[in-house]
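S.K.: Questions regarding the structure given below will be posed in turn.
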Amino acid sequence: MPKIRIKVDEDLCIGAASCVTIAPETFQLNSENKAEVYDHGQAPGGPTYERWLEVTQEQQENILLAAQSCPTLAIFIFDEAGKQLFPEL
Amino acid sequence: MRYLIIGGGIAGTTAVEELRKLDSSDEITLVSEEQHALYSRVLLPHYLKGKIPRERVFLKKESWYEEQKIEWVRGISVVKLDPKNTFVELSDGRELPYDKLLIATGGELRTLGLDVRGVSYLRTLDDADHLNQLLAEQGSSCRGGVYGGGFIACEYINLFAHFGIPTTVIFRGNHFWSKGLEPEVGRLINQHLIKKGVELHPGGLFVDTMGERELTGFISSLGEHPCTILGVGIGIESDDGWLREAGVKVEAGIVCDEFLQTSEPNIFAAGDVAEFYDINVGRHVRVGNWMNAQMQGRVVAKNMAGEKTVFSLVSSYATNALGLEIIFVGDVSRAHADEVRLVGSVEQGGITQLFSRAGQLIGAVLVGRNTDRPIITKMIQEKRRASEFK
């Protein structure tokens with residue numbers, strides 16, 4: 001299974017919740033109305049804006065769709081080698 | 001199949017992207033009034049505050065359109081539609097035929113109709129560039145004015161505050177979103193803004209600008225207000241004459257069903273312009289937010305390609321007025337609700353206003369109560385009773 005790193009830039013996030021609508025297992029809003037990253041609905045180690053996830057290809061595509069839907073492009077996705085998958089550079 | 005998409009914003013461009021994913025051989029034409037590749041209007045305030053460079057507002061590169069084999073007609077609008085002979089006429093005189101047509105033209109900015117330098121709007125990238133220029137020129141001599149009591153007014157207030165610019169705000173009602181929010185909720189927002197140093201004048205009507213070529217202030221029904229930049233946020237309207245003439249059913253927006261199909265065969269609508277049947281709240285609604293436009297773009301493409309898909313989304317929009325979070329979820333039309341109820345209070349620093357129809361929760365506005373959002377969204381989706389929310 002692919003391993004990816006997901007990071008939310010809390011300064012860019014405005015709580016539009018597009019990501020939560022598309023990938024609720026991965027993104028949830030906190031009390032500050034910012035999206036935190038979840039690992040398949042769980043938050044081992046507590047709430048965080050950044051997390052490594054092991055996902056299926058299908059899950060990865062859905063997370064990518066969630067990142068693409070963010071109107072402020074606040075979600076960054078990296079592959080195991082550290083290459084930024086989204087936003088494309 | 002020849003697909004014709006009118007409107008290069010997030011609804012139209014998402015539809016184009018989805019159509020291309022569904023079939024690589026179809027002919028797809030995108031007609032866009034703006035010259036720019038798709039950008040995020042939601043990012044414009046971030047750009048103006050210097051949080052991101054200008055190039056980061058773009059969501060598509062210019063080369064993307066060609067790579068996707070999309071004929072991109074830019075800087076052009078549609079002047080006529082002939083549904084019988086299935087073609088549209090463009091502002092440059094060209095005629096384009098279609099098999100399936102999508103109208104995703106968004107809204108037109110409502111303006112004051114005045115052209116004094118210093119009057120600013122905030123909808124397009126060009127508007128933002130203009131405002132950026134004004135801010136840079138004026139520097140510390142800038143004094144901000146805001147006319148309006150909605151989302152755009154909040155953006156101006158935040159922007160001026162970011163640069164430490166003293167700000168005067170005037171709107172027609174007694175408070176922000178005065179048609180929809182209860183007085184107590186309005187008071188909460190007013191008090192917050194005043195506490196943060198904004199000079200607030202409710203109940204004022206714009207009369208005229210002051211200054212010959214450069215703005216020096218504006219006159220309202222309440223008096224004179226000096227300012228060097230006047231941010232105007234008084235809503236959007238539709239340029240729908242060409243649609244009405246063509247016989248397409250238009251009310252507040254283009255009327256369409258839950259498949260985003262209009263009254264005319266092979267013509268669809270999506271985004272701010274669509275007044276669609278919302279299965280979650282049981283009536284036709286017009287929604288002007290990013291999430292709605294994007295998700296509709298995705299669903300309408302499927303329907304255009306013949307894959308019948310119901311559009312179902314409890315959309316929401318969040319803003320922030322100098323640190324106070326304000327979130328709109330679902331159907332928040334006061335006129336279409338038969339009951340509203342408040343949870344929380346000014347003293348507690350947060351109020352959620354619930355909208356219900358025949359007892360069913362259909363929408364809510366959350367002011368300073370972010371944590372209500374997931375449960376309320378779920379309750380609307382599940383068509384639960386408003387009384388269940390405590």
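Simple scheme: letters A, B, ... for chains in structure tokens order, numbers from 1 for residues in each chain, numbers from 1 for ligands in the order shown.
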I'd like the neighbourhood of Ala66 in chain A as an mmCIF file with N, CA and C atoms, in the first residue's frame, where a residue qualifies if any of its atoms comes within 12 Å (using only C-alpha atoms), though same-chain residues fewer than 4 positions away should be ignored.

M.R.:
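selection.cif, written as the output of this step:
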data_model
loop_
_atom_site.group_PDB
_atom_site.id
_atom_site.type_symbol
_atom_site.label_atom_id
_atom_site.label_comp_id
_atom_site.auth_asym_id
_atom_site.auth_seq_id
_atom_site.Cartn_x
_atom_site.Cartn_y
_atom_site.Cartn_z
ATOM 1 N N ILE A 6 0.444 13.794 4.515
ATOM 2 C CA ILE A 6 -0.541 14.836 4.256
ATOM 3 C C ILE A 6 -0.337 15.969 5.244
ATOM 4 N N VAL A 8 -1.786 19.942 6.272
ATOM 5 C CA VAL A 8 -2.700 21.069 6.084
ATOM 6 C C VAL A 8 -1.998 22.340 6.550
ATOM 7 N N ALA A 16 -13.547 25.777 4.725
ATOM 8 C CA ALA A 16 -14.586 25.652 3.702
ATOM 9 C C ALA A 16 -15.220 24.259 3.735
ATOM 10 N N ALA A 17 -14.480 23.285 4.241
ATOM 11 C CA ALA A 17 -14.984 21.926 4.485
ATOM 12 C C ALA A 17 -15.209 21.087 3.235
ATOM 13 N N SER A 18 -14.666 21.494 2.097
ATOM 14 C CA SER A 18 -14.764 20.655 0.893
ATOM 15 C C SER A 18 -14.071 19.317 1.137
ATOM 16 N N CYS A 19 -12.913 19.363 1.785
ATOM 17 C CA CYS A 19 -12.144 18.138 2.032
ATOM 18 C C CYS A 19 -12.907 17.193 2.950
ATOM 19 N N VAL A 20 -13.592 17.768 3.938
ATOM 20 C CA VAL A 20 -14.356 16.955 4.890
ATOM 21 C C VAL A 20 -15.515 16.263 4.170
ATOM 22 N N THR A 21 -16.099 16.969 3.205
ATOM 23 C CA THR A 21 -17.215 16.403 2.453
ATOM 24 C C THR A 21 -16.758 15.227 1.595
ATOM 25 N N ILE A 22 -15.574 15.370 0.997
ATOM 26 C CA ILE A 22 -15.093 14.331 0.077
ATOM 27 C C ILE A 22 -14.377 13.192 0.816
ATOM 28 N N ALA A 23 -13.555 13.524 1.779
ATOM 29 C CA ALA A 23 -12.770 12.491 2.473
ATOM 30 C C ALA A 23 -12.876 12.645 3.996
ATOM 31 N N PRO A 24 -14.057 12.345 4.544
ATOM 32 C CA PRO A 24 -14.255 12.549 5.993
ATOM 33 C C PRO A 24 -13.399 11.639 6.872
ATOM 34 N N GLU A 25 -12.903 10.529 6.310
ATOM 35 C CA GLU A 25 -12.033 9.628 7.075
ATOM 36 C C GLU A 25 -10.645 10.249 7.297
ATOM 37 N N THR A 26 -10.311 11.220 6.434
ATOM 38 C CA THR A 26 -8.971 11.808 6.467
ATOM 39 C C THR A 26 -8.972 13.226 7.021
ATOM 40 N N PHE A 27 -10.077 13.949 6.806
ATOM 41 C CA PHE A 27 -10.112 15.349 7.243
ATOM 42 C C PHE A 27 -11.329 15.623 8.119
ATOM 43 N N GLN A 28 -11.091 16.297 9.224
ATOM 44 C CA GLN A 28 -12.166 16.772 10.091
ATOM 45 C C GLN A 28 -11.795 18.163 10.587
ATOM 46 N N ALA A 35 -8.945 22.314 9.210
ATOM 47 C CA ALA A 35 -8.980 20.873 8.937
ATOM 48 C C ALA A 35 -7.762 20.179 9.541
ATOM 49 N N VAL A 37 -5.753 16.334 10.129
ATOM 50 C CA VAL A 37 -5.576 15.104 9.371
ATOM 51 C C VAL A 37 -5.824 13.895 10.269
ATOM 52 N N GLN A 59 -8.076 4.960 -2.034
ATOM 53 C CA GLN A 59 -8.119 5.975 -0.971
ATOM 54 C C GLN A 59 -7.233 7.165 -1.318
ATOM 55 N N GLN A 60 -6.075 6.869 -1.881
ATOM 56 C CA GLN A 60 -5.152 7.949 -2.255
ATOM 57 C C GLN A 60 -5.796 8.865 -3.280
ATOM 58 N N GLU A 61 -6.494 8.271 -4.243
ATOM 59 C CA GLU A 61 -7.149 9.085 -5.266
ATOM 60 C C GLU A 61 -8.231 9.970 -4.667
ATOM 61 N N ASN A 62 -8.948 9.425 -3.701
ATOM 62 C CA ASN A 62 -9.998 10.215 -3.065
ATOM 63 C C ASN A 62 -9.410 11.359 -2.234
ATOM 64 N N CYS A 70 -10.018 21.831 -2.426
ATOM 65 C CA CYS A 70 -9.818 22.905 -1.444
ATOM 66 C C CYS A 70 -9.680 24.246 -2.160
ATOM 67 N N PRO A 71 -10.559 25.206 -1.840
ATOM 68 C CA PRO A 71 -10.499 26.485 -2.553
ATOM 69 C C PRO A 71 -9.288 27.334 -2.211
ATOM 70 N N THR A 72 -8.569 26.975 -1.140
ATOM 71 C CA THR A 72 -7.362 27.750 -0.820
ATOM 72 C C THR A 72 -6.081 26.917 -0.994
ATOM 73 N N LEU A 73 -6.223 25.738 -1.581
ATOM 74 C CA LEU A 73 -5.080 24.836 -1.782
ATOM 75 C C LEU A 73 -4.236 24.708 -0.511
ATOM 76 N N ALA A 74 -4.928 24.449 0.586
ATOM 77 C CA ALA A 74 -4.244 24.376 1.879
ATOM 78 C C ALA A 74 -3.730 22.973 2.191
ATOM 79 N N ILE A 75 -4.086 22.000 1.333
ATOM 80 C CA ILE A 75 -3.681 20.614 1.598
ATOM 81 C C ILE A 75 -2.519 20.215 0.688
ATOM 82 N N PHE A 76 -1.453 19.709 1.324
ATOM 83 C CA PHE A 76 -0.267 19.270 0.587
ATOM 84 C C PHE A 76 -0.100 17.771 0.757
ATOM 85 N N ILE A 77 0.199 17.095 -0.352
ATOM 86 C CA ILE A 77 0.383 15.651 -0.295
ATOM 87 C C ILE A 77 1.759 15.292 -0.863
ATOM 88 N N PHE A 86 0.799 16.937 -4.644
ATOM 89 C CA PHE A 86 -0.180 17.992 -4.831
ATOM 90 C C PHE A 86 0.070 19.100 -3.823
ATOM 91 N N PRO A 87 -0.146 20.381 -4.174
ATOM 92 C CA PRO A 87 -0.355 20.884 -5.536
ATOM 93 C C PRO A 87 0.869 20.607 -6.402
ATOM 94 N N MET B 291 -18.120 25.293 -2.689
ATOM 95 C CA MET B 291 -18.336 23.847 -2.576
ATOM 96 C C MET B 291 -19.483 23.397 -3.477
ATOM 97 N N GLN B 294 -18.484 23.585 -7.273
ATOM 98 C CA GLN B 294 -17.562 22.535 -7.674
ATOM 99 C C GLN B 294 -18.243 21.163 -7.740
ATOM 100 N N MET B 295 -19.014 20.857 -6.710
ATOM 101 C CA MET B 295 -19.679 19.548 -6.682
ATOM 102 C C MET B 295 -20.727 19.464 -7.796
#

S.K.: Show which residues sit within 12 Å of Gly180 in chain B, as a ChimeraX atom specification. Count only C-alpha atoms, and ignore same-chain residues fewer than 4 positions away.

M.R.: /B:149-150,173-176,184-186,328,331-337,339-340,353-355,363-365

S.K.: Select, as a PyMOL selection string, those residues of chain B with any atom no more than 7 Å from chain A (distances computed using only C-alpha atoms).

M.R.: chain B and resi 40+42-43+291+317-318+370-371

S.K.: What would the file look like if the residues just selected were written as a short mmCIF file (atom, residue, chain, number, x, y, z; two decimals), in the first residue's frame with N, CA and C atoms?

M.R.:
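Final output, selection34.cif:
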data_model
loop_
_atom_site.label_atom_id
_atom_site.label_comp_id
_atom_site.auth_asym_id
_atom_site.auth_seq_id
_atom_site.Cartn_x
_atom_site.Cartn_y
_atom_site.Cartn_z
N SER B 40 -8.73 30.60 -8.04
CA SER B 40 -9.63 30.50 -6.89
C SER B 40 -9.98 31.88 -6.38
N VAL B 42 -11.64 32.32 -3.84
CA VAL B 42 -11.53 32.22 -2.38
C VAL B 42 -10.12 32.60 -1.92
N LEU B 43 -9.16 32.46 -2.83
CA LEU B 43 -7.77 32.78 -2.48
C LEU B 43 -7.42 34.26 -2.66
N MET B 291 -18.12 25.29 -2.69
CA MET B 291 -18.34 23.85 -2.58
C MET B 291 -19.48 23.40 -3.48
N TYR B 317 -20.67 27.39 3.90
CA TYR B 317 -19.66 28.40 3.63
C TYR B 317 -19.25 29.04 4.94
N ALA B 318 -17.96 29.22 5.08
CA ALA B 318 -17.46 29.77 6.34
C ALA B 318 -16.74 31.07 6.08
N ASN B 370 -18.36 26.99 16.15
CA ASN B 370 -17.88 26.07 15.12
C ASN B 370 -18.22 24.62 15.38
N THR B 371 -18.20 24.25 16.63
CA THR B 371 -18.30 22.82 16.94
C THR B 371 -19.70 22.25 16.68
#

S.K.: Excluding Ser263 in chain B and residues on its chain fewer than 3 positions from it, collect all residues at most 9 Å away from it, counting only C-alpha atoms, and give them as a list in words.

M.R.: Gly247, Val248, Lys249, Val250, Ile254, Val255, Cys256, Asp257, Ile267 and Phe268 of chain B

S.K.: Based on the selection just made, write C-alpha atoms of those residues as a compact mmCIF listing (two decimals), in the first residue's frame.

M.R.:
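Done, and the output landed in out-v5.txt:
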# COMPACT_ATOMS: atom_id res chain seq x y z
CA GLY B 247 -37.46 30.34 -23.39
CA VAL B 248 -35.31 28.79 -20.64
CA LYS B 249 -37.19 28.93 -17.36
CA VAL B 250 -35.52 31.48 -15.11
CA ILE B 254 -31.98 29.04 -13.97
CA VAL B 255 -34.57 26.57 -12.78
CA CYS B 256 -33.36 22.98 -12.92
CA ASP B 257 -34.19 19.65 -11.37
CA ILE B 267 -29.37 22.24 -21.54
CA PHE B 268 -27.97 22.05 -18.03

S.K.: Hey, what's within 8 Å of Arg5 in chain A if we count only C-alpha atoms and toss same-chain stuff fewer than 6 positions away? As a PyMOL selection string, please?

M.R.: chain A and resi 50-53+77-80

S.K.: Keeping only N, CA and C atoms, write the selected residues to a file as a compact mmCIF listing (two decimals), in the first residue's frame.

M.R.:
# COMPACT_ATOMS: atom_id res chain seq x y z
N GLU A 50 -0.64 17.34 10.37
CA GLU A 50 0.27 16.64 9.48
C GLU A 50 0.41 15.18 9.91
N ARG A 51 0.37 14.27 8.94
CA ARG A 51 0.39 12.86 9.31
C ARG A 51 0.83 12.00 8.14
N TRP A 52 1.53 10.90 8.47
CA TRP A 52 1.83 9.86 7.47
C TRP A 52 0.66 8.88 7.44
N LEU A 53 0.23 8.48 6.25
CA LEU A 53 -0.87 7.53 6.14
C LEU A 53 -0.51 6.40 5.20
N ILE A 77 0.20 17.09 -0.35
CA ILE A 77 0.38 15.65 -0.29
C ILE A 77 1.76 15.29 -0.86
N PHE A 78 2.48 14.45 -0.10
CA PHE A 78 3.81 14.03 -0.52
C PHE A 78 3.87 12.51 -0.58
N ASP A 79 4.69 11.98 -1.49
CA ASP A 79 4.85 10.53 -1.52
C ASP A 79 5.97 10.11 -0.55
N GLU A 80 6.24 8.82 -0.51
CA GLU A 80 7.18 8.28 0.46
C GLU A 80 8.59 8.86 0.31

S.K.: Work out how far apart CA of Ile229 in chain B and CA of Tyr156 in chain B are and give it in Å to one decimal.

M.R.: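 Separation between CA of Ile229 in chain B and CA of Tyr156 in chain B: 10.1 Å.
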
S.K.: Skip range 129-131 of chain B itself and residues of its chain fewer than 2 positions away, then list as a PyMOL selection string all residues within 10 Å of it, counting only C-alpha atoms.

M.R.: chain B and resi 44+47-48+54+117-122+124-127+133-137+229-231

S.K.: How about saving the chosen residues, C-alpha atoms kept, as a PDB file, in the first residue's frame?

M.R.:
ATOM      1  CA  LEU B  44      -7.975  36.432  -3.509  1.00  0.00           C
ATOM      2  CA  TYR B  47      -3.170  37.074  -2.184  1.00  0.00           C
ATOM      3  CA  LEU B  48      -4.093  40.613  -1.135  1.00  0.00           C
ATOM      4  CA  ARG B  54      -0.208  36.024  -7.138  1.00  0.00           C
ATOM      5  CA  ARG B 117     -10.663  55.825  -8.568  1.00  0.00           C
ATOM      6  CA  GLY B 118     -10.750  54.305  -5.102  1.00  0.00           C
ATOM      7  CA  VAL B 119     -14.067  52.480  -5.466  1.00  0.00           C
ATOM      8  CA  SER B 120     -13.282  48.779  -5.226  1.00  0.00           C
ATOM      9  CA  TYR B 121     -15.060  45.487  -5.811  1.00  0.00           C
ATOM     10  CA  LEU B 122     -13.854  42.016  -4.938  1.00  0.00           C
ATOM     11  CA  THR B 124     -12.462  38.689  -9.976  1.00  0.00           C
ATOM     12  CA  LEU B 125      -8.688  38.542 -10.101  1.00  0.00           C
ATOM     13  CA  ASP B 126      -8.719  41.845 -11.988  1.00  0.00           C
ATOM     14  CA  ASP B 127     -10.684  43.391  -9.110  1.00  0.00           C
ATOM     15  CA  GLN B 133      -2.523  48.567  -6.647  1.00  0.00           C
ATOM     16  CA  LEU B 134      -4.603  51.017  -4.584  1.00  0.00           C
ATOM     17  CA  LEU B 135      -3.254  49.610  -1.317  1.00  0.00           C
ATOM     18  CA  ALA B 136       0.331  49.822  -2.554  1.00  0.00           C
ATOM     19  CA  GLU B 137      -0.065  53.405  -3.785  1.00  0.00           C
ATOM     20  CA  ILE B 229     -10.740  53.142  -0.672  1.00  0.00           C
ATOM     21  CA  LEU B 230     -14.408  52.178  -0.635  1.00  0.00           C
ATOM     22  CA  GLY B 231     -14.949  48.416  -0.720  1.00  0.00           C
TER      23      GLY B 231
END

S.K.: Name all residues at most 7 Å from Met1 in chain A (count only C-alpha atoms; drop same-chain ones fewer than 4 positions away) and give them as a PyMOL selection string.

M.R.: chain A and resi 54-56

S.K.: Could you please take those selected residues and save N, CA and C atoms as a short mmCIF file (atom, residue, chain, number, x, y, z; two decimals), in the first residue's frame?

M.R.:
data_model
loop_
_atom_site.label_atom_id
_atom_site.label_comp_id
_atom_site.auth_asym_id
_atom_site.auth_seq_id
_atom_site.Cartn_x
_atom_site.Cartn_y
_atom_site.Cartn_z
N GLU A 54 -0.99 5.22 5.55
CA GLU A 54 -0.91 4.11 4.61
C GLU A 54 -2.27 3.96 3.98
N VAL A 55 -2.34 4.07 2.69
CA VAL A 55 -3.64 4.08 2.02
C VAL A 55 -3.65 3.14 0.82
N THR A 56 -4.83 2.74 0.40
CA THR A 56 -4.96 2.00 -0.85
C THR A 56 -4.89 3.01 -2.00
#

S.K.: Find the distance between CA of Arg357 in chain B and CA of Thr309 in chain B and write it in Å to one decimal.

M.R.: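 We find that CA of Arg357 in chain B and CA of Thr309 in chain B lie 26.1 Å from each other.
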
S.K.: Quick one: everything within 12 Å of range 232-238 of chain B, counting only C-alpha atoms, minus sequence neighbours fewer than 4 positions away in the same chain. Send it as JSON, numbers by chain.

M.R.: {"B": [104, 105, 106, 107, 108, 109, 110, 111, 112, 113, 114, 118, 119, 120, 121, 122, 123, 127, 131, 144, 145, 146, 147, 148, 149, 150, 151, 152, 153, 154, 155, 156, 157, 169, 170, 171, 172, 173, 176, 177, 205, 206, 209, 218, 242, 243, 244, 250, 251, 252, 253, 254, 272, 273, 274, 275, 286, 287, 288]}

S.K.: Go ahead and save the picked residues with C-alpha atoms, as a compact mmCIF listing (two decimals), in the first residue's frame.

M.R.:
# COMPACT_ATOMS: atom_id res chain seq x y z
CA ALA B 104 -22.30 28.00 -15.58
CA THR B 105 -21.96 31.73 -15.95
CA GLY B 106 -22.04 32.61 -12.25
CA GLY B 107 -23.30 36.00 -11.19
CA GLU B 108 -22.68 39.54 -12.25
CA LEU B 109 -21.41 41.94 -9.66
CA ARG B 110 -23.93 44.53 -8.51
CA THR B 111 -22.13 47.87 -8.69
CA LEU B 112 -22.72 51.46 -7.67
CA GLY B 113 -22.26 52.51 -11.28
CA LEU B 114 -19.62 55.08 -10.34
CA GLY B 118 -10.75 54.31 -5.10
CA VAL B 119 -14.07 52.48 -5.47
CA SER B 120 -13.28 48.78 -5.23
CA TYR B 121 -15.06 45.49 -5.81
CA LEU B 122 -13.85 42.02 -4.94
CA ARG B 123 -15.02 39.26 -7.24
CA ASP B 127 -10.68 43.39 -9.11
CA LEU B 131 -7.28 46.78 -5.05
CA GLY B 144 -10.99 52.28 4.47
CA GLY B 145 -14.70 52.43 3.80
CA VAL B 146 -16.96 49.43 3.37
CA TYR B 147 -20.50 49.44 1.99
CA GLY B 148 -22.40 46.22 2.50
CA GLY B 149 -23.31 43.72 5.18
CA GLY B 150 -22.36 40.31 3.85
CA PHE B 151 -19.43 38.05 2.98
CA ILE B 152 -17.56 40.55 0.84
CA ALA B 153 -17.88 43.26 3.50
CA CYS B 154 -16.23 40.82 5.95
CA GLU B 155 -13.35 40.32 3.51
CA TYR B 156 -12.76 44.07 3.24
CA ILE B 157 -12.92 44.50 7.03
CA VAL B 169 -18.57 50.22 7.65
CA ILE B 170 -22.05 51.11 6.49
CA PHE B 171 -24.92 48.82 5.56
CA ARG B 172 -28.61 49.20 4.97
CA GLY B 173 -29.96 46.85 7.61
CA PHE B 176 -24.93 41.85 8.89
CA TRP B 177 -27.17 39.54 6.79
CA LEU B 205 -27.92 54.08 2.43
CA PHE B 206 -25.21 54.94 -0.04
CA THR B 209 -18.91 59.35 -3.63
CA PHE B 218 -18.58 58.94 0.45
CA TRP B 242 -30.55 35.95 -23.31
CA LEU B 243 -31.84 32.92 -21.42
CA ARG B 244 -35.34 34.30 -20.92
CA VAL B 250 -35.52 31.48 -15.11
CA GLU B 251 -36.68 32.64 -11.70
CA ALA B 252 -34.13 33.68 -9.06
CA GLY B 253 -31.72 31.56 -11.14
CA ILE B 254 -31.98 29.04 -13.97
CA ASP B 272 -24.18 30.24 -8.70
CA VAL B 273 -26.54 30.59 -11.65
CA ALA B 274 -28.54 27.40 -11.01
CA GLU B 275 -31.73 27.35 -9.00
CA ARG B 286 -29.90 29.04 -5.46
CA VAL B 287 -26.58 28.63 -3.68
CA GLY B 288 -23.57 30.85 -4.27

S.K.: Pick from B:Thr86, B:Tyr65, B:Pro226, B:Leu200: nearest to Cys142 in chain B, with only C-alpha atoms counted?

M.R.: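 Nearest to Cys142 in chain B: B:Pro226.
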
S.K.: Just list the residues in chain A DSSP gives strand (DSSP E or B) on the backbone, as a PyMOL selection string.

M.R.: chain A and resi 3-8+27-29+35-37+39+42+50-54+75-78+84-86

S.K.: Using the chain letters and numbers from this document, which residues of chain A does DSSP assign to alpha helix (DSSP H), as a list in words?

M.R.: Ser18, Cys19, Val20, Thr21, Ile22, Gln57, Glu58, Gln59, Gln60, Glu61, Asn62, Ile63, Leu64, Leu65, Ala66, Ala67, Gln68 and Ser69 of chain A

S.K.: Could you write those residues out with C-alpha atoms, as an mmCIF file, in the first residue's frame?

M.R.:
data_model
loop_
_atom_site.group_PDB
_atom_site.id
_atom_site.type_symbol
_atom_site.label_atom_id
_atom_site.label_comp_id
_atom_site.auth_asym_id
_atom_site.auth_seq_id
_atom_site.Cartn_x
_atom_site.Cartn_y
_atom_site.Cartn_z
ATOM 1 C CA SER A 18 -14.764 20.655 0.893
ATOM 2 C CA CYS A 19 -12.144 18.138 2.032
ATOM 3 C CA VAL A 20 -14.356 16.955 4.890
ATOM 4 C CA THR A 21 -17.215 16.403 2.453
ATOM 5 C CA ILE A 22 -15.093 14.331 0.077
ATOM 6 C CA GLN A 57 -4.687 3.370 -4.375
ATOM 7 C CA GLU A 58 -8.393 4.144 -4.298
ATOM 8 C CA GLN A 59 -8.119 5.975 -0.971
ATOM 9 C CA GLN A 60 -5.152 7.949 -2.255
ATOM 10 C CA GLU A 61 -7.149 9.085 -5.266
ATOM 11 C CA ASN A 62 -9.998 10.215 -3.065
ATOM 12 C CA ILE A 63 -7.627 12.136 -0.779
ATOM 13 C CA LEU A 64 -6.147 13.745 -3.872
ATOM 14 C CA LEU A 65 -9.640 14.738 -4.984
ATOM 15 C CA ALA A 66 -10.241 16.272 -1.554
ATOM 16 C CA ALA A 67 -7.009 18.258 -1.821
ATOM 17 C CA GLN A 68 -7.920 19.441 -5.310
ATOM 18 C CA SER A 69 -11.311 20.592 -4.063
#
